[in-house]
Amino acid sequence: MRRYKIAAIPGDGIGKEVVPAGVSVLNVLTQRCGDFALDFESFDWGSDYWRRHGKMMPDDGLAVLKPFDAIYFGAVGDQNIPDHITLWGLRLKICQGFDQYANVRPTRLMNGVPGPLAKARPGDLDWVIVRENSEGEYAGHGGRAHQGHPEEVGTETAIYTRAGVTRIMRFAFRLAQSRPRKLLTVVTKSNAQRHGMVLWDEIAAEVAKEFPDVTHDKWLVDAVTTRMVLNPKSLDTIVATNLHADILSDLAAALSGSMGIAPTANLNPDRNYPSMFEPIHGSAFDIAGKGIANPIGTFWSGAMMLEHLGERAAAAKLMSAIELVLAKGEVMGRDLGGTASTAEVAQAVCDAIHAANI
């Protein structure tokens, strides 16, 4: 039997509710499949750990995680701790430490999920956003000077390297090549950002020559937001910088019906380090501890994890179960207009996994 070691890090807020729900669903799935197993080990790192130890994770945290096959992550963020401490102390420390340079965020309008676009139907909105996840606007370069004085200044330097841009472009073109439409939209802002983003454009054009079967176009980030809303069917695979894709993927999740159903994968495509899979909704302080968080995004992230591990049949079974539950509309989270709890949604997906046609 194939066995995989999975590090489960619930983190903060609703992460502590949706990750255990995801683990329970994945365990039911492995029992149903019968030919592989997921060995989960849970880590209590996050804001509560920071309160006890003054850090979000132990100093040797990356060394502890490195032997694992994948990381199943919940959320990070605490209303009583500055965001730059929580984010850089845990999630970004893992992403950058393990060179998870490709952030992949699929978005799909599912049957049974009401989206805000009145004319959109399932099939009209089926995107994958590829986010450069290691440099760009979130490279962490910059500083503060003259703090507390009227002339105080803060600088944030975006970093674009030929190596970093080339590898994310190749990843995005390969992903577009693997999809039926073979269509890639390169998002830029080179009209205003005339150095790094011009390099981004130039490298995109160079890499495009390696993929003659992929149709590609280039759109400014502000213009592509209107395209997402007014003509969603015109898009398929999208590649953007760290900041731009961060924003666009949240818009994409909202257009698909809810942040609660959106997944993401932080990939180290070279597989030198474990990759990390998580929902995009964040820690959601306002509903944390109430047992009402929608765990669908966590389940979908689990399906992406299975695909990465090579268990494609199991991933397809899980996605079919998710789609069946959503299409029926009988057990829906509150963000989708229902009344179901986190546990009830998880149970519905487990029941669907056991259904004869899944």
# chains A, B, ... in the order shown; residues from 1 in each chain; ligands from 1

$ residues_around --residues "Val128 (chain A)" --least-positions-apart "6" --cutoff "8 Å" --atoms "only C-alpha atoms" --output "PDB file with C-alpha atoms, in the first residue's frame"
ATOM      1  CA  VAL A 104      -2.222  27.664  -8.097  1.00  0.00           C
ATOM      2  CA  ARG A 105      -5.833  28.728  -7.485  1.00  0.00           C
ATOM      3  CA  PRO A 106      -8.580  27.044  -9.520  1.00  0.00           C
ATOM      4  CA  THR A 107     -11.984  28.687  -9.666  1.00  0.00           C
ATOM      5  CA  ASP A 236      -9.037  30.141 -18.829  1.00  0.00           C
ATOM      6  CA  THR A 237      -5.511  30.111 -17.361  1.00  0.00           C
ATOM      7  CA  ILE A 238      -4.184  33.345 -15.878  1.00  0.00           C
TER       8      ILE A 238
END

$ closest_residue --among "A:Leu65, A:Val186, A:Leu324, A:Ile85" --to "Trp200 (chain A)" --atoms "only C-alpha atoms"
A:Val186

$ closest_residue --among "A:Asp124, A:Ala139, A:Asp35, A:Lys189" --to "Pro232 (chain A)" --atoms "only C-alpha atoms"
A:Asp124

$ select_by_dssp --residues "region 166-232 of chain A" --states "strand (DSSP E)" --output "JSON, numbers by chain"
{"A": [183, 184, 185, 186, 187, 188, 215, 216, 217, 218, 219, 220]}

$ residues_around --residues "Asp351 (chain A)" --least-positions-apart "6" --cutoff "10 Å" --atoms "only C-alpha atoms" --output "ChimeraX atom specification"
/A:25,28,321,325,345

$ write_last_selection --atoms "N, CA and C atoms" --output "PDB file, in the first residue's frame"
ATOM      1  N   VAL A  25     -12.547  13.753   6.168  1.00  0.00           N
ATOM      2  CA  VAL A  25     -13.025  13.412   4.825  1.00  0.00           C
ATOM      3  C   VAL A  25     -11.963  12.636   4.052  1.00  0.00           C
ATOM      4  N   VAL A  28     -11.841   9.045   5.219  1.00  0.00           N
ATOM      5  CA  VAL A  28     -12.936   8.261   4.646  1.00  0.00           C
ATOM      6  C   VAL A  28     -12.628   7.912   3.196  1.00  0.00           C
ATOM      7  N   ALA A 321     -17.628  13.995  -5.228  1.00  0.00           N
ATOM      8  CA  ALA A 321     -18.439  14.051  -4.010  1.00  0.00           C
ATOM      9  C   ALA A 321     -18.779  15.492  -3.658  1.00  0.00           C
ATOM     10  N   VAL A 325     -22.671  17.105  -3.596  1.00  0.00           N
ATOM     11  CA  VAL A 325     -23.269  17.774  -2.430  1.00  0.00           C
ATOM     12  C   VAL A 325     -23.735  19.179  -2.803  1.00  0.00           C
ATOM     13  N   VAL A 345     -21.591  19.550   6.726  1.00  0.00           N
ATOM     14  CA  VAL A 345     -21.078  19.561   5.353  1.00  0.00           C
ATOM     15  C   VAL A 345     -20.068  18.430   5.172  1.00  0.00           C
TER      16      VAL A 345
END

$ closest_residue --among "A:Ala253, A:Met276, A:Gln147, A:Glu152" --to "Ile9 (chain A)" --atoms "only C-alpha atoms"
A:Met276

$ atom_distance --atom1 "CA of Phe299 (chain A)" --atom2 "CA of Thr226 (chain A)"
29.6 Å

$ atom_distance --atom1 "CA of Ala346 (chain A)" --atom2 "CA of Ala21 (chain A)"
6.1 Å

$ residues_around --residues "Val113 (chain A)" --least-positions-apart "3" --cutoff "12 Å" --atoms "only C-alpha atoms" --output "MDAnalysis selection string"
chainID A and resid 108:110 116:117 120:122 253:258 260:261 296 322:338

$ residues_around --residues "region 44-50 of chain A" --least-positions-apart "6" --cutoff "7 Å" --atoms "only C-alpha atoms" --output "JSON list (two decimals) with C-alpha atoms, in the first residue's frame"
[["chain", "number", "residue", "atom", "x", "y", "z"],
["A", 9, "ILE", "CA", -1.24, 22.65, 10.46],
["A", 11, "GLY", "CA", -3.17, 27.39, 12.40],
["A", 12, "ASP", "CA", -5.62, 30.07, 13.50],
["A", 56, "MET", "CA", 4.71, 31.29, 15.27],
["A", 57, "MET", "CA", 6.62, 28.04, 14.80],
["A", 76, "VAL", "CA", -3.08, 32.22, 9.78],
["A", 78, "ASP", "CA", -5.14, 36.80, 14.79],
["A", 86, "THR", "CA", 1.57, 36.01, 11.89],
["A", 90, "LEU", "CA", 4.34, 30.88, 9.61]]

$ residues_around --residues "Ala172 (chain A)" --least-positions-apart "4" --cutoff "7 Å" --atoms "only C-alpha atoms" --output "mmCIF file with C-alpha atoms, in the first residue's frame"
data_model
loop_
_atom_site.group_PDB
_atom_site.id
_atom_site.type_symbol
_atom_site.label_atom_id
_atom_site.label_comp_id
_atom_site.auth_asym_id
_atom_site.auth_seq_id
_atom_site.Cartn_x
_atom_site.Cartn_y
_atom_site.Cartn_z
ATOM 1 C CA VAL A 130 -1.186 31.004 -11.354
ATOM 2 C CA ILE A 168 6.608 30.859 -13.290
ATOM 3 C CA ALA A 176 -2.392 26.120 -19.969
ATOM 4 C CA VAL A 239 -0.659 34.165 -14.666
#

$ residues_around --residues "Thr225 (chain A)" --least-positions-apart "4" --cutoff "10 Å" --atoms "only C-alpha atoms" --output "ChimeraX atom specification"
/A:219-221,229-232,247-248,251-252

$ select_by_dssp --residues "region 136-244 of chain A" --states "alpha helix (DSSP H)" --output "compact mmCIF listing (two decimals) with C-alpha atoms, in the first residue's frame"
# COMPACT_ATOMS: atom_id res chain seq x y z
CA ARG A 162 14.84 36.61 -14.75
CA ALA A 163 15.05 33.22 -13.07
CA GLY A 164 11.90 33.77 -11.00
CA VAL A 165 9.79 35.16 -13.83
CA THR A 166 10.97 32.56 -16.34
CA ARG A 167 10.11 29.61 -14.13
CA ILE A 168 6.61 30.86 -13.29
CA MET A 169 5.93 31.63 -16.96
CA ARG A 170 7.02 28.13 -18.00
CA PHE A 171 4.85 26.65 -15.27
CA ALA A 172 1.84 28.70 -16.40
CA PHE A 173 2.31 27.88 -20.09
CA ARG A 174 2.63 24.16 -19.28
CA LEU A 175 -0.52 24.30 -17.19
CA ALA A 176 -2.39 26.12 -19.97
CA GLN A 177 -1.07 23.55 -22.43
CA SER A 178 -2.55 20.74 -20.32
CA GLY A 196 10.16 45.03 -13.29
CA MET A 197 6.86 44.62 -15.12
CA VAL A 198 8.47 45.36 -18.48
CA LEU A 199 10.90 42.55 -17.73
CA TRP A 200 7.87 40.39 -16.83
CA ASP A 201 6.32 41.13 -20.25
CA GLU A 202 9.55 40.49 -22.15
CA ILE A 203 10.12 37.12 -20.50
CA ALA A 204 6.48 36.13 -21.09
CA ALA A 205 6.97 36.79 -24.81
CA GLU A 206 10.20 34.79 -24.83
CA VAL A 207 8.70 31.78 -23.06
CA ALA A 208 5.62 31.88 -25.32
CA VAL A 221 -4.42 44.03 -14.18
CA ASP A 222 -7.12 46.68 -13.83
CA ALA A 223 -8.59 45.83 -17.22
CA VAL A 224 -8.63 42.10 -16.53
CA THR A 225 -10.87 42.65 -13.48
CA THR A 226 -13.57 44.00 -15.79
CA ARG A 227 -13.02 41.10 -18.17
CA MET A 228 -13.51 38.65 -15.28
CA VAL A 229 -16.86 40.23 -14.49
CA LEU A 230 -18.18 41.08 -17.95
CA ASN A 242 2.35 37.87 -6.28
CA LEU A 243 0.21 40.91 -5.44
CA HIS A 244 -1.90 41.01 -8.60

$ closest_residue --among "A:Gly289, A:Gly15, A:Pro295, A:Pro274" --to "Leu309 (chain A)" --atoms "only C-alpha atoms"
A:Pro274

$ closest_residue --among "A:His354, A:Arg144, A:His216, A:Arg131" --to "Thr185 (chain A)" --atoms "only C-alpha atoms"
A:His216

$ closest_residue --among "A:Ser134, A:Gln96, A:Asn294, A:Thr264" --to "Ala343 (chain A)" --atoms "only C-alpha atoms"
A:Asn294
